>>> print(open('data.txt').read())   # compact mmCIF, C-alpha atoms
# COMPACT_ATOMS: atom_id res chain seq x y z
CA MET A 227 27.52 -9.38 8.80
CA LEU A 228 29.59 -10.30 5.80
CA PRO A 229 31.26 -7.27 4.19
CA ALA A 230 29.64 -7.05 0.76
CA PRO A 231 32.88 -6.37 -1.21
CA VAL A 232 34.22 -9.87 -0.46
CA LEU A 233 31.49 -11.15 -2.77
CA VAL A 234 33.29 -9.57 -5.75
CA PRO A 235 35.81 -12.41 -6.30
CA ALA A 236 33.06 -15.00 -5.98
CA ALA A 237 30.88 -13.18 -8.50
CA LEU A 238 33.90 -12.86 -10.80
CA THR A 239 34.46 -16.61 -10.89
CA LEU A 240 30.75 -17.22 -11.51
CA PHE A 241 29.97 -14.56 -14.11
CA GLY A 242 33.35 -13.37 -15.39
CA ILE A 243 34.21 -9.74 -16.03
CA GLY A 244 31.44 -7.57 -17.35
CA PHE A 245 28.12 -5.84 -16.95
CA THR A 246 26.15 -8.99 -15.97
CA MET A 247 28.48 -9.69 -13.06
CA LYS A 248 28.05 -6.17 -11.69
CA VAL A 249 24.27 -6.16 -12.00
CA VAL A 250 23.85 -9.62 -10.49
CA LEU A 251 26.23 -8.83 -7.65
CA ILE A 252 24.65 -5.48 -6.78
CA ALA A 253 21.09 -6.86 -7.00
CA PHE A 254 22.01 -9.85 -4.83
CA ALA A 255 23.76 -7.85 -2.12
CA ALA A 256 21.20 -5.02 -2.09
CA LEU A 257 18.28 -7.42 -1.76
CA TRP A 258 18.96 -8.58 1.79
CA PRO A 259 18.77 -5.41 3.86
CA THR A 260 15.41 -4.54 2.28
CA LEU A 261 14.03 -8.06 2.41
CA LEU A 262 14.95 -8.69 6.03
CA ASN A 263 13.68 -5.31 7.18
CA THR A 264 10.44 -5.80 5.28
CA LEU A 265 9.84 -9.20 6.87
CA ASP A 266 10.61 -7.78 10.28
CA GLY A 267 8.24 -4.87 9.71
CA MET A 268 5.45 -7.13 8.48
CA ARG A 269 5.77 -9.36 11.51
CA GLY A 270 5.50 -6.38 13.83
CA VAL A 271 2.12 -5.12 12.58
CA ASP A 272 -0.27 -4.34 15.43
CA GLN A 273 -2.94 -7.02 15.83
CA VAL A 274 -5.53 -4.35 16.62
CA LYS A 275 -4.99 -2.82 13.17
CA LEU A 276 -5.46 -6.21 11.51
CA ASP A 277 -8.61 -6.90 13.54
CA THR A 278 -9.92 -3.46 12.66
CA ALA A 279 -9.36 -4.10 8.96
CA ARG A 280 -11.15 -7.45 9.22
CA VAL A 281 -14.11 -5.84 10.93
CA LEU A 282 -14.23 -3.11 8.29
CA GLY A 283 -14.56 -5.82 5.64
CA VAL A 284 -11.09 -5.62 4.09
CA SER A 285 -10.21 -8.88 2.27
CA PRO A 286 -7.07 -10.87 3.21
CA LEU A 287 -5.18 -9.59 0.16
CA GLY A 288 -6.49 -6.08 0.81
CA ARG A 289 -5.15 -6.30 4.36
CA VAL A 290 -1.66 -6.95 2.99
CA PHE A 291 -1.73 -3.85 0.77
CA ARG A 292 -3.85 -1.54 2.91
CA VAL A 293 -2.54 -2.41 6.37
CA VAL A 294 0.54 -4.64 6.52
CA LEU A 295 2.70 -2.89 3.94
CA PRO A 296 1.84 0.67 5.01
CA ALA A 297 2.44 -0.27 8.64
CA ALA A 298 5.77 -1.83 7.71
CA ALA A 299 6.74 1.11 5.47
CA PRO A 300 9.10 2.79 7.97
CA GLN A 301 11.13 -0.40 8.24
CA ILE A 302 10.98 -1.07 4.51
CA VAL A 303 12.39 2.40 3.90
CA ALA A 304 15.13 1.84 6.48
CA GLY A 305 16.03 -1.35 4.59
CA LEU A 306 16.07 0.48 1.27
CA ARG A 307 18.44 3.06 2.72
CA ASN A 308 20.89 0.29 3.65
CA SER A 309 20.43 -1.28 0.23
CA LEU A 310 21.30 2.02 -1.45
CA GLN A 311 24.57 2.26 0.47
CA VAL A 312 25.49 -1.34 -0.29
CA ALA A 313 24.69 -0.83 -3.97
CA ILE A 314 26.91 2.22 -4.31
CA ILE A 315 29.82 0.57 -2.49
CA LEU A 316 29.56 -2.53 -4.63
CA MET A 317 29.28 -0.53 -7.81
CA VAL A 318 32.62 1.15 -7.12
CA VAL A 319 34.41 -1.93 -5.81
CA SER A 320 33.29 -4.18 -8.64
CA GLU A 321 34.41 -1.63 -11.24
CA TRP A 322 37.67 -1.22 -9.43
CA GLN A 323 38.46 -4.91 -9.35
CA ALA A 324 37.14 -6.21 -12.58
CA SER A 325 35.89 -3.83 -15.20
CA THR A 326 36.96 -1.87 -18.23
CA ASP A 327 34.89 1.20 -17.59
CA GLY A 328 33.05 3.12 -14.86
CA ILE A 329 34.13 5.53 -12.15
CA GLY A 330 35.75 2.83 -10.01
CA TYR A 331 37.81 1.71 -12.98
CA TYR A 332 38.71 5.33 -13.75
CA ILE A 333 39.97 5.93 -10.19
CA ALA A 334 42.03 2.74 -10.14
CA TYR A 335 43.50 3.50 -13.56
CA ALA A 336 44.34 7.09 -12.60
CA GLN A 337 46.05 5.86 -9.46
CA GLN A 338 48.22 3.43 -11.42
CA SER A 339 49.12 6.26 -13.83
CA ILE A 340 50.11 8.44 -10.86
CA ASP A 341 47.41 10.90 -12.00
CA TYR A 342 46.36 12.38 -8.64
CA VAL A 343 44.05 14.98 -10.19
CA GLY A 344 42.26 12.07 -11.91
CA VAL A 345 41.99 10.16 -8.62
CA TRP A 346 40.54 13.12 -6.76
CA SER A 347 38.16 14.12 -9.52
CA GLY A 348 36.83 10.55 -9.55
CA ILE A 349 36.31 10.74 -5.80
CA VAL A 350 34.54 14.10 -6.08
CA VAL A 351 32.24 12.74 -8.81
CA LEU A 352 31.42 9.77 -6.56
CA ALA A 353 30.67 12.12 -3.68
CA ILE A 354 28.32 14.13 -5.88
CA ILE A 355 26.54 11.00 -7.13
CA GLY A 356 26.20 9.70 -3.57
CA THR A 357 24.83 13.01 -2.33
CA ILE A 358 22.30 13.30 -5.16
CA ALA A 359 21.15 9.70 -4.67
CA ASN A 360 20.72 10.40 -0.98
CA LEU A 361 18.81 13.63 -1.57
CA LEU A 362 16.44 11.89 -3.96
CA PHE A 363 16.00 9.11 -1.44
CA VAL A 364 15.23 11.50 1.41
CA ALA A 365 12.74 13.41 -0.77
CA ALA A 366 10.92 10.19 -1.63
CA GLU A 367 11.07 9.06 1.98
CA ASN A 368 9.54 12.29 3.27
CA ARG A 369 6.76 11.96 0.75
CA VAL A 370 5.95 8.35 1.57
CA LEU A 371 6.50 8.52 5.33
CA HIS A 372 5.36 12.04 6.20
CA TRP A 373 2.59 10.47 8.34
CA HIS A 374 5.16 8.46 10.28
CA TYR A 375 7.38 11.43 11.10
CA GLY A 376 4.33 13.56 11.87
CA ALA A 377 2.90 10.99 14.26
CA ARG A 378 6.28 10.48 15.89
CA ALA A 379 6.76 14.20 16.44
CA VAL A 380 3.35 14.36 18.16
CA GLU A 381 4.22 11.40 20.37
CA GLY A 382 7.51 13.03 21.29
CA LYS A 383 5.70 16.18 22.39
CA ALA A 384 3.21 14.21 24.45
CA ARG A 385 6.00 12.62 26.48
CA MET B 22 -24.48 -14.51 46.18
CA THR B 23 -24.72 -13.58 49.80
CA GLY B 24 -28.04 -14.05 51.61
CA ASN B 25 -28.45 -10.42 52.58
CA GLU B 26 -28.29 -9.24 49.01
CA MET B 27 -29.39 -5.68 48.65
CA THR B 28 -32.66 -4.88 47.05
CA PRO B 29 -32.27 -2.19 44.45
CA GLY B 30 -35.16 -0.43 46.15
CA VAL B 31 -36.71 0.91 43.02
CA THR B 32 -40.31 1.98 42.64
CA PRO B 33 -42.82 -0.80 41.91
CA ALA B 34 -43.01 0.08 38.21
CA GLN B 35 -39.24 -0.20 37.91
CA SER B 36 -38.77 -3.31 39.98
CA ALA B 37 -40.35 -5.36 37.21
CA GLU B 38 -37.60 -4.05 34.95
CA ALA B 39 -34.80 -4.52 37.46
CA PRO B 40 -35.31 -8.15 38.44
CA GLU B 41 -33.33 -9.88 41.11
CA ALA B 42 -32.55 -13.11 39.33
CA ALA B 43 -31.26 -13.82 35.88
CA HIS B 44 -34.09 -16.17 34.95
CA SER B 45 -36.77 -13.55 35.36
CA ALA B 46 -34.67 -11.17 33.29
CA GLN B 47 -34.50 -13.74 30.55
CA SER B 48 -38.24 -14.21 30.47
CA ALA B 49 -38.69 -10.44 30.20
CA GLU B 50 -36.13 -10.52 27.47
CA ALA B 51 -37.93 -13.30 25.62
CA ALA B 52 -41.08 -11.20 25.64
CA GLN B 53 -39.10 -8.27 24.30
CA SER B 54 -37.52 -10.17 21.43
CA ALA B 55 -40.87 -11.68 20.51
CA GLN B 56 -42.09 -8.15 19.90
CA SER B 57 -39.27 -7.13 17.60
CA GLY B 58 -38.60 -10.36 15.69
CA THR B 59 -35.19 -12.02 15.52
CA PRO B 60 -32.76 -10.68 18.11
CA VAL B 61 -29.73 -8.95 16.59
CA VAL B 62 -27.42 -10.88 18.88
CA SER B 63 -28.07 -14.20 20.49
CA LEU B 64 -25.58 -16.10 22.63
CA ARG B 65 -26.46 -19.57 23.91
CA HIS B 66 -24.22 -21.25 26.47
CA VAL B 67 -21.14 -19.71 24.94
CA ARG B 68 -17.93 -21.05 26.40
CA LYS B 69 -14.42 -20.01 25.45
CA VAL B 70 -11.29 -21.82 26.56
CA TYR B 71 -7.78 -20.71 25.70
CA HIS B 72 -5.05 -23.28 25.58
CA ALA B 73 -1.86 -21.88 27.02
CA ALA B 74 1.45 -23.49 27.96
CA ALA B 75 0.40 -23.36 31.62
CA GLY B 76 -2.80 -25.26 30.82
CA GLN B 77 -6.35 -24.37 29.99
CA GLN B 78 -7.73 -20.98 30.77
CA VAL B 79 -11.50 -20.62 30.79
CA ALA B 80 -12.25 -17.07 29.68
CA LEU B 81 -16.01 -17.52 29.42
CA ALA B 82 -17.77 -20.40 31.17
CA ASP B 83 -21.40 -20.07 30.18
CA ILE B 84 -22.82 -16.93 28.59
CA THR B 85 -26.42 -16.73 27.46
CA PHE B 86 -28.22 -13.52 26.50
CA GLU B 87 -29.95 -11.83 23.63
CA VAL B 88 -29.96 -8.27 22.42
CA ALA B 89 -33.07 -7.04 20.62
CA ARG B 90 -33.07 -4.70 17.64
CA GLY B 91 -32.56 -1.07 18.64
CA GLU B 92 -31.53 -1.96 22.17
CA PHE B 93 -28.58 -0.45 24.04
CA ALA B 94 -26.98 -3.23 26.10
CA CYS B 95 -24.04 -2.67 28.41
CA VAL B 96 -21.84 -5.55 29.53
CA VAL B 97 -20.14 -4.90 32.86
CA GLY B 98 -17.82 -7.00 34.93
CA PRO B 99 -14.54 -6.78 36.81
CA SER B 100 -11.35 -6.86 34.79
CA GLY B 101 -10.47 -10.41 33.86
CA ALA B 102 -14.11 -11.34 33.36
CA GLY B 103 -13.56 -12.07 29.68
CA LYS B 104 -15.40 -8.96 28.45
CA THR B 105 -13.04 -8.45 25.55
CA THR B 106 -13.26 -12.13 24.59
CA LEU B 107 -17.03 -11.80 24.61
CA LEU B 108 -16.86 -8.80 22.30
CA ARG B 109 -14.48 -10.59 19.94
CA ILE B 110 -16.96 -13.46 19.72
CA LEU B 111 -19.78 -11.01 19.01
CA ALA B 112 -17.68 -9.43 16.25
CA GLY B 113 -16.92 -12.82 14.70
CA LEU B 114 -13.19 -12.37 15.31
CA THR B 115 -13.05 -15.43 17.57
CA GLN B 116 -15.21 -18.55 17.57
CA PRO B 117 -16.60 -19.92 20.83
CA THR B 118 -15.18 -23.25 22.02
CA SER B 119 -18.73 -24.47 22.50
CA GLY B 120 -22.19 -22.95 22.47
CA GLU B 121 -23.77 -20.83 19.83
CA ALA B 122 -23.27 -17.20 18.81
CA LEU B 123 -25.85 -15.88 16.36
CA PHE B 124 -25.99 -12.55 14.55
CA GLU B 125 -29.45 -11.84 13.11
CA GLY B 126 -30.23 -15.53 13.40
CA ALA B 127 -27.15 -16.77 11.51
CA PRO B 128 -24.14 -18.38 13.23
CA LEU B 129 -21.09 -16.11 13.52
CA ARG B 130 -18.32 -17.95 11.71
CA SER B 131 -16.49 -14.92 10.38
CA VAL B 132 -16.89 -11.16 10.58
CA PRO B 133 -20.30 -10.25 9.10
CA PRO B 134 -20.56 -7.04 7.05
CA GLY B 135 -23.30 -5.58 9.25
CA ILE B 136 -21.21 -5.09 12.40
CA GLY B 137 -19.25 -2.01 13.38
CA VAL B 138 -16.63 -2.18 16.13
CA VAL B 139 -15.03 0.60 18.13
CA PHE B 140 -11.95 -0.61 19.97
CA GLN B 141 -10.66 0.84 23.21
CA ASP B 142 -7.37 2.05 21.86
CA TYR B 143 -8.08 4.52 19.05
CA GLY B 144 -4.34 5.09 18.64
CA ARG B 145 -3.97 1.49 17.56
CA SER B 146 -7.15 1.06 15.56
CA LEU B 147 -6.96 4.18 13.36
CA PHE B 148 -4.60 4.02 10.41
CA PRO B 149 -2.06 6.83 10.84
CA TRP B 150 -1.02 6.76 7.17
CA LEU B 151 -4.53 7.73 6.06
CA THR B 152 -6.27 11.05 6.60
CA VAL B 153 -9.38 11.13 8.76
CA ALA B 154 -11.64 11.13 5.69
CA ARG B 155 -9.79 8.19 4.14
CA ASN B 156 -9.97 6.22 7.38
CA VAL B 157 -13.73 6.67 7.35
CA ASP B 158 -13.86 5.98 3.61
CA LEU B 159 -11.99 2.65 3.78
CA PRO B 160 -14.94 0.38 4.68
CA LEU B 161 -17.01 2.02 1.91
CA ARG B 162 -14.21 1.65 -0.61
CA VAL B 163 -13.77 -2.08 0.04
CA ARG B 164 -17.54 -2.50 -0.30
CA GLY B 165 -17.42 -0.98 -3.76
CA VAL B 166 -19.63 2.03 -2.95
CA PRO B 167 -19.50 4.57 -5.83
CA ARG B 168 -17.16 7.50 -5.33
CA ALA B 169 -19.79 10.26 -5.15
CA GLU B 170 -21.83 8.37 -2.57
CA ARG B 171 -18.71 7.64 -0.55
CA ALA B 172 -17.84 11.33 -0.34
CA SER B 173 -21.32 12.28 0.82
CA ARG B 174 -21.48 9.49 3.40
CA VAL B 175 -18.06 10.37 4.80
CA ALA B 176 -19.18 13.99 5.13
CA GLU B 177 -22.41 12.86 6.76
CA VAL B 178 -20.87 10.66 9.46
CA LEU B 179 -18.05 13.10 10.17
CA GLY B 180 -20.73 15.77 10.60
CA SER B 181 -22.64 13.50 12.99
CA VAL B 182 -19.64 13.15 15.28
CA GLY B 183 -18.86 16.87 15.09
CA LEU B 184 -15.75 16.59 12.94
CA ALA B 185 -17.03 18.08 9.68
CA ASP B 186 -13.83 20.08 9.17
CA ALA B 187 -11.27 17.47 10.18
CA GLY B 188 -11.44 15.24 7.10
CA ARG B 189 -8.14 16.31 5.59
CA ARG B 190 -6.14 16.03 8.79
CA HIS B 191 -4.41 12.92 10.04
CA PRO B 192 -5.65 11.11 13.17
CA TRP B 193 -2.48 11.90 15.11
CA GLN B 194 -3.11 15.61 14.63
CA LEU B 195 -6.28 15.33 16.70
CA SER B 196 -6.91 15.02 20.45
CA GLY B 197 -7.75 11.63 21.96
CA GLY B 198 -11.46 12.36 22.17
CA MET B 199 -11.53 13.50 18.56
CA GLN B 200 -9.67 10.38 17.45
CA GLN B 201 -12.26 8.19 19.14
CA ARG B 202 -14.95 10.20 17.32
CA VAL B 203 -13.21 9.33 14.06
CA ALA B 204 -13.27 5.65 15.01
CA ILE B 205 -16.99 5.93 15.79
CA ALA B 206 -17.64 7.69 12.46
CA ARG B 207 -15.72 4.96 10.64
CA ALA B 208 -17.74 2.23 12.34
CA LEU B 209 -20.98 3.99 11.36
CA ALA B 210 -20.04 4.88 7.78
CA TYR B 211 -21.29 1.59 6.35
CA ARG B 212 -24.50 1.74 8.40
CA PRO B 213 -24.08 -1.40 10.49
CA ASP B 214 -27.03 -3.01 12.25
CA LEU B 215 -24.95 -3.60 15.33
CA LEU B 216 -22.31 -1.40 16.93
CA LEU B 217 -19.91 -3.12 19.32
CA MET B 218 -17.84 -0.96 21.62
CA ASP B 219 -15.01 -2.27 23.79
CA GLU B 220 -14.42 0.17 26.66
CA PRO B 221 -14.30 2.92 24.06
CA PHE B 222 -14.00 5.82 26.49
CA ALA B 223 -11.55 4.27 28.95
CA SER B 224 -8.57 6.26 27.71
CA VAL B 225 -10.01 9.77 27.50
CA ASP B 226 -10.37 12.29 30.30
CA ALA B 227 -13.59 12.47 32.34
CA GLN B 228 -14.95 15.60 30.68
CA THR B 229 -14.47 14.16 27.20
CA ARG B 230 -15.93 10.91 28.38
CA PHE B 231 -19.23 12.58 29.29
CA GLU B 232 -19.33 14.31 25.92
CA LEU B 233 -18.72 11.06 24.10
CA GLU B 234 -21.37 9.24 26.15
CA ASP B 235 -23.93 11.82 25.09
CA LEU B 236 -22.63 11.63 21.53
CA ILE B 237 -23.15 7.89 21.38
CA LEU B 238 -26.69 8.20 22.77
CA ARG B 239 -27.53 10.80 20.12
CA ILE B 240 -25.94 8.74 17.35
CA ARG B 241 -27.79 5.64 18.39
CA GLN B 242 -31.00 7.63 18.02
CA GLU B 243 -29.94 9.13 14.70
CA PHE B 244 -28.79 5.88 13.06
CA GLY B 245 -31.20 3.52 14.82
CA VAL B 246 -28.34 1.15 15.56
CA THR B 247 -28.28 -1.62 18.15
CA VAL B 248 -25.39 -1.16 20.57
CA VAL B 249 -23.46 -3.61 22.75
CA PHE B 250 -21.17 -1.59 24.96
CA VAL B 251 -18.54 -3.26 27.11
CA THR B 252 -17.31 -1.29 30.10
CA HIS B 253 -15.98 -1.73 33.61
CA ASP B 254 -17.56 1.55 34.68
CA ILE B 255 -20.92 0.98 36.39
CA ASP B 256 -21.94 4.65 36.22
CA GLU B 257 -21.35 4.66 32.50
CA ALA B 258 -23.31 1.44 32.04
CA VAL B 259 -26.36 2.69 33.99
CA TYR B 260 -26.28 6.07 32.26
CA LEU B 261 -26.21 4.59 28.76
CA ALA B 262 -28.03 1.28 28.86
CA ASP B 263 -31.50 -0.10 28.37
CA ARG B 264 -30.18 -3.26 29.96
CA VAL B 265 -27.03 -4.03 31.90
CA ILE B 266 -25.58 -7.52 31.62
CA VAL B 267 -23.38 -8.37 34.59
CA ILE B 268 -20.58 -10.87 34.07
CA SER B 269 -18.59 -12.41 36.91
CA LYS B 270 -14.85 -12.68 37.15
CA SER B 271 -13.28 -15.62 35.36
CA PRO B 272 -14.67 -18.00 34.46
CA GLY B 273 -17.21 -15.56 33.05
CA VAL B 274 -20.88 -16.31 33.56
CA VAL B 275 -23.87 -13.98 33.34
CA THR B 276 -24.82 -13.32 36.96
CA GLU B 277 -27.62 -10.89 36.34
CA ILE B 278 -29.38 -8.87 33.69
CA VAL B 279 -30.82 -5.56 34.91
CA GLY B 280 -33.28 -3.50 32.89
CA VAL B 281 -32.65 0.23 33.31
CA THR B 282 -35.80 2.28 33.00
CA LEU B 283 -34.39 5.74 33.61
CA ALA B 284 -36.16 8.32 31.43
CA ARG B 285 -34.75 9.26 28.05
CA PRO B 286 -33.29 11.51 26.81
CA ARG B 287 -30.74 11.17 29.58
CA ASP B 288 -28.81 14.05 30.96
CA GLN B 289 -25.40 13.96 32.59
CA ILE B 290 -26.53 16.11 35.51
CA ALA B 291 -30.25 15.38 35.96
CA THR B 292 -30.10 11.62 35.29
CA LYS B 293 -27.13 11.08 37.56
CA ALA B 294 -28.79 13.10 40.31
CA ASP B 295 -31.88 10.87 40.09
CA GLN B 296 -32.48 8.61 43.12
CA ALA B 297 -33.17 5.68 40.82
CA PHE B 298 -29.78 6.14 39.19
CA ALA B 299 -28.11 5.84 42.57
CA ARG B 300 -30.07 2.67 43.35
CA TYR B 301 -29.13 0.99 40.08
CA ARG B 302 -25.56 2.00 40.66
CA GLU B 303 -25.53 0.68 44.22
CA HIS B 304 -27.16 -2.60 43.22
CA LEU B 305 -24.83 -3.27 40.29
CA LEU B 306 -21.77 -2.27 42.25
CA SER B 307 -22.69 -4.71 45.02
CA ARG B 308 -23.06 -7.48 42.45
CA VAL B 309 -19.75 -6.80 40.78
CA MET B 310 -17.90 -6.38 44.07
CA THR B 311 -19.42 -9.49 45.73
CA ARG B 312 -18.33 -11.67 42.88
CA GLN B 313 -14.79 -10.41 43.20
CA ALA B 314 -14.43 -11.70 46.76
CA PRO B 315 -13.13 -15.27 47.15
CA PRO B 316 -15.92 -17.82 47.64
>>> encode(input="data.txt", output="structure tokens")
Amino acid sequence: MLPAPVLVPAALTLFGIGFTMKVVLIAFAALWPTLLNTLDGMRGVDQVKLDTARVLGVSPLGRVFRVVLPAAAPQIVAGLRNSLQVAIILMVVSEWQASTDGIGYYIAYAQQSIDYVGVWSGIVVLAIIGTIANLLFVAAENRVLHWHYGARAVEGKAR
Amino acid sequence: MTGNEMTPGVTPAQSAEAPEAAHSAQSAEAAQSAQSGTPVVSLRHVRKVYHAAAGQQVALADITFEVARGEFACVVGPSGAGKTTLLRILAGLTQPTSGEALFEGAPLRSVPPGIGVVFQDYGRSLFPWLTVARNVDLPLRVRGVPRAERASRVAEVLGSVGLADAGRRHPWQLSGGMQQRVAIARALAYRPDLLLMDEPFASVDAQTRFELEDLILRIRQEFGVTVVFVTHDIDEAVYLADRVIVISKSPGVVTEIVGVTLARPRDQIATKADQAFARYREHLLSRVMTRQAPP
């Protein structure tokens, strides 16, 4: 897979330096892990579940929202987790390379000014942001996928 | 059929109900459906061919039978006889290649709202992301039943299958037998005219299986539903059925239809100890086994 940061120069030439470039770049790079995982998850839905929904009278659109998406949810969430990582990496790298503000810019600037306290405090702030984002993500994940982890734990015991 | 085919050896009164040849069964059946109006299910010369890379595969060659309102019909046959294909046609999930499949007199082109289906594998047919109550509620919700009525109907059917207290749990928190009860409750929630069951008790232990057999007999009484029950287990078929439809190994054809006149209510111990039960069992087993041997 292409390392996402190499997209920064390409985005720079297309959009120039600024907020638009960062948003477009992050949105573009973060889209793929989620999209591909979602498609994969939707393809893998058990035919018995789809037949069951048909027999129960669920409409074709209803089957997408009531069966296909919930069944694919574990993979969608796995994709979102990858997207979150890619987004944070790209946020820092794009600020670092071509920006006039942001934490990435701050770290790069501090490094050039031989301000090691500044460098390390930037890194610590990033670590805190990353940890908080991850905690929020895990909390949301547990809420949405508690059935999946519950069912998996039961299966594990049965084996 | 072999020449020395075994006579079921039933009493004279029963032999009329357990005919030797399919054609006499069908005339008895015609009389029966005349009494109760339009048959719930009617298959006429149904044939189903699958096209695979290796060529054509005939799953069902020629299937003709009817099921009258309120009847409990069991379909038995060796594995590979196209029983599941037959059930999918009855549910409207698959169309026959040729022939006619009617539900309450109308051709089955898609899944009609008046059919409930219980699949063999409850683990795959229940939705693990929904609680038990919401699984049962789903068919009512998509039919636009008002909320208050939905709640009372969910409670009613869960009560009928003995799971009144399990509504807020998830299917995977229940035992296999309980999960299949949830699937039965869900299929009954919208009060279907016809309940189709595809080897529903094949993946539970023997004890639970007996309990569920009695449950389905009681529920059939309670809801007045017509049942078509596919199984490979002859004992189960004789114990449950009013009529047993025997299908041969592929290509599937109806080889015999046997009326079972064992007294109701049936009892796991007394009915199975009955001489007549043993004779039905022996007769059906010989039919299924004979057909398995190469011609």
>>> interface_residues(input="data.txt", of="chain A", to="chain B", cutoff="10 Å", atoms="all atoms listed in the file", output="number ranges by chain")
A: 272-285, 288, 292-293, 296-297, 299, 370-374, 376-381
>>> write_last_selection(input="data.txt", atoms="C-alpha atoms", output="PDB file, keeping the file's coordinate frame")
ATOM      1  CA  ASP A 272      -0.270  -4.340  15.430  1.00  0.00           C
ATOM      2  CA  GLN A 273      -2.940  -7.020  15.830  1.00  0.00           C
ATOM      3  CA  VAL A 274      -5.530  -4.350  16.620  1.00  0.00           C
ATOM      4  CA  LYS A 275      -4.990  -2.820  13.170  1.00  0.00           C
ATOM      5  CA  LEU A 276      -5.460  -6.210  11.510  1.00  0.00           C
ATOM      6  CA  ASP A 277      -8.610  -6.900  13.540  1.00  0.00           C
ATOM      7  CA  THR A 278      -9.920  -3.460  12.660  1.00  0.00           C
ATOM      8  CA  ALA A 279      -9.360  -4.100   8.960  1.00  0.00           C
ATOM      9  CA  ARG A 280     -11.150  -7.450   9.220  1.00  0.00           C
ATOM     10  CA  VAL A 281     -14.110  -5.840  10.930  1.00  0.00           C
ATOM     11  CA  LEU A 282     -14.230  -3.110   8.290  1.00  0.00           C
ATOM     12  CA  GLY A 283     -14.560  -5.820   5.640  1.00  0.00           C
ATOM     13  CA  VAL A 284     -11.090  -5.620   4.090  1.00  0.00           C
ATOM     14  CA  SER A 285     -10.210  -8.880   2.270  1.00  0.00           C
ATOM     15  CA  GLY A 288      -6.490  -6.080   0.810  1.00  0.00           C
ATOM     16  CA  ARG A 292      -3.850  -1.540   2.910  1.00  0.00           C
ATOM     17  CA  VAL A 293      -2.540  -2.410   6.370  1.00  0.00           C
ATOM     18  CA  PRO A 296       1.840   0.670   5.010  1.00  0.00           C
ATOM     19  CA  ALA A 297       2.440  -0.270   8.640  1.00  0.00           C
ATOM     20  CA  ALA A 299       6.740   1.110   5.470  1.00  0.00           C
ATOM     21  CA  VAL A 370       5.950   8.350   1.570  1.00  0.00           C
ATOM     22  CA  LEU A 371       6.500   8.520   5.330  1.00  0.00           C
ATOM     23  CA  HIS A 372       5.360  12.040   6.200  1.00  0.00           C
ATOM     24  CA  TRP A 373       2.590  10.470   8.340  1.00  0.00           C
ATOM     25  CA  HIS A 374       5.160   8.460  10.280  1.00  0.00           C
ATOM     26  CA  GLY A 376       4.330  13.560  11.870  1.00  0.00           C
ATOM     27  CA  ALA A 377       2.900  10.990  14.260  1.00  0.00           C
ATOM     28  CA  ARG A 378       6.280  10.480  15.890  1.00  0.00           C
ATOM     29  CA  ALA A 379       6.760  14.200  16.440  1.00  0.00           C
ATOM     30  CA  VAL A 380       3.350  14.360  18.160  1.00  0.00           C
ATOM     31  CA  GLU A 381       4.220  11.400  20.370  1.00  0.00           C
TER      32      GLU A 381
END
>>> atom_distance(input="data.txt", atom1="atom CA of Ile355 of chain A", atom2="atom CA of Pro229 of chain A")
22.0 Å
>>> residues_around(input="data.txt", residues="Leu233 of chain A", least_positions_apart="2", cutoff="10 Å", atoms="only C-alpha atoms", output="list in words")
Leu228, Pro229, Ala230, Pro231, Pro235, Ala236, Ala237, Leu238, Leu251, Ile252, Phe254, Ala255, Leu316 and Ser320 of chain A
>>> atom_distance(input="data.txt", atom1="atom CA of Leu179 of chain B", atom2="atom CA of Leu236 of chain B")
12.3 Å
>>> residues_around(input="data.txt", residues="Thr260 of chain A", least_positions_apart="5", cutoff="9 Å", atoms="all atoms listed in the file", output="list in words")
Leu265, Gln301, Ile302, Val303, Ala304, Gly305, Leu306, Arg307, Asn308 and Ser309 of chain A
>>> atom_distance(input="data.txt", atom1="atom CA of Ile354 of chain A", atom2="atom CA of Met247 of chain A")
24.9 Å
>>> residues_around(input="data.txt", residues="segment 69-86 of chain B", least_positions_apart="5", cutoff="9 Å", atoms="all atoms listed in the file", output="VMD selection string")
chain B and resid 47 50 62 to 64 101 to 104 106 to 107 116 to 120 266 268 271 to 275 278
>>> residues_near_point(input="data.txt", point="(33.3, 2.9, -4.3)", cutoff="12 Å", atoms="only C-alpha atoms", output="PyMOL selection string")
chain A and resi 230-231+311-323+328-334+348-353+355-356
>>> residues_around(input="data.txt", residues="Ile290 of chain B", least_positions_apart="6", cutoff="12 Å", atoms="all atoms listed in the file", output="NGL selection string")
:B and (231 or 235 or 260 or 298)
>>> residues_around(input="data.txt", residues="Leu217 of chain B", least_positions_apart="4", cutoff="6 Å", atoms="all atoms listed in the file", output="MDAnalysis selection string")
chainID B and resid 138 248:250
>>> decode(input="data.txt", residues="segment 333-345 of chain A", atoms="C-alpha atoms", output="JSON list (two decimals), in the first residue's frame")
[["chain", "number", "residue", "atom", "x", "y", "z"],
["A", 333, "ILE", "CA", 7.21, 20.94, 16.11],
["A", 334, "ALA", "CA", 9.08, 21.63, 12.87],
["A", 335, "TYR", "CA", 9.55, 25.29, 13.79],
["A", 336, "ALA", "CA", 10.78, 24.43, 17.30],
["A", 337, "GLN", "CA", 13.25, 21.96, 15.85],
["A", 338, "GLN", "CA", 14.68, 24.57, 13.49],
["A", 339, "SER", "CA", 14.98, 26.99, 16.43],
["A", 340, "ILE", "CA", 16.85, 24.32, 18.41],
["A", 341, "ASP", "CA", 14.03, 24.52, 21.00],
["A", 342, "TYR", "CA", 14.03, 20.94, 22.30],
["A", 343, "VAL", "CA", 11.49, 21.64, 25.03],
["A", 344, "GLY", "CA", 9.17, 22.93, 22.28],
["A", 345, "VAL", "CA", 9.76, 19.80, 20.18]]
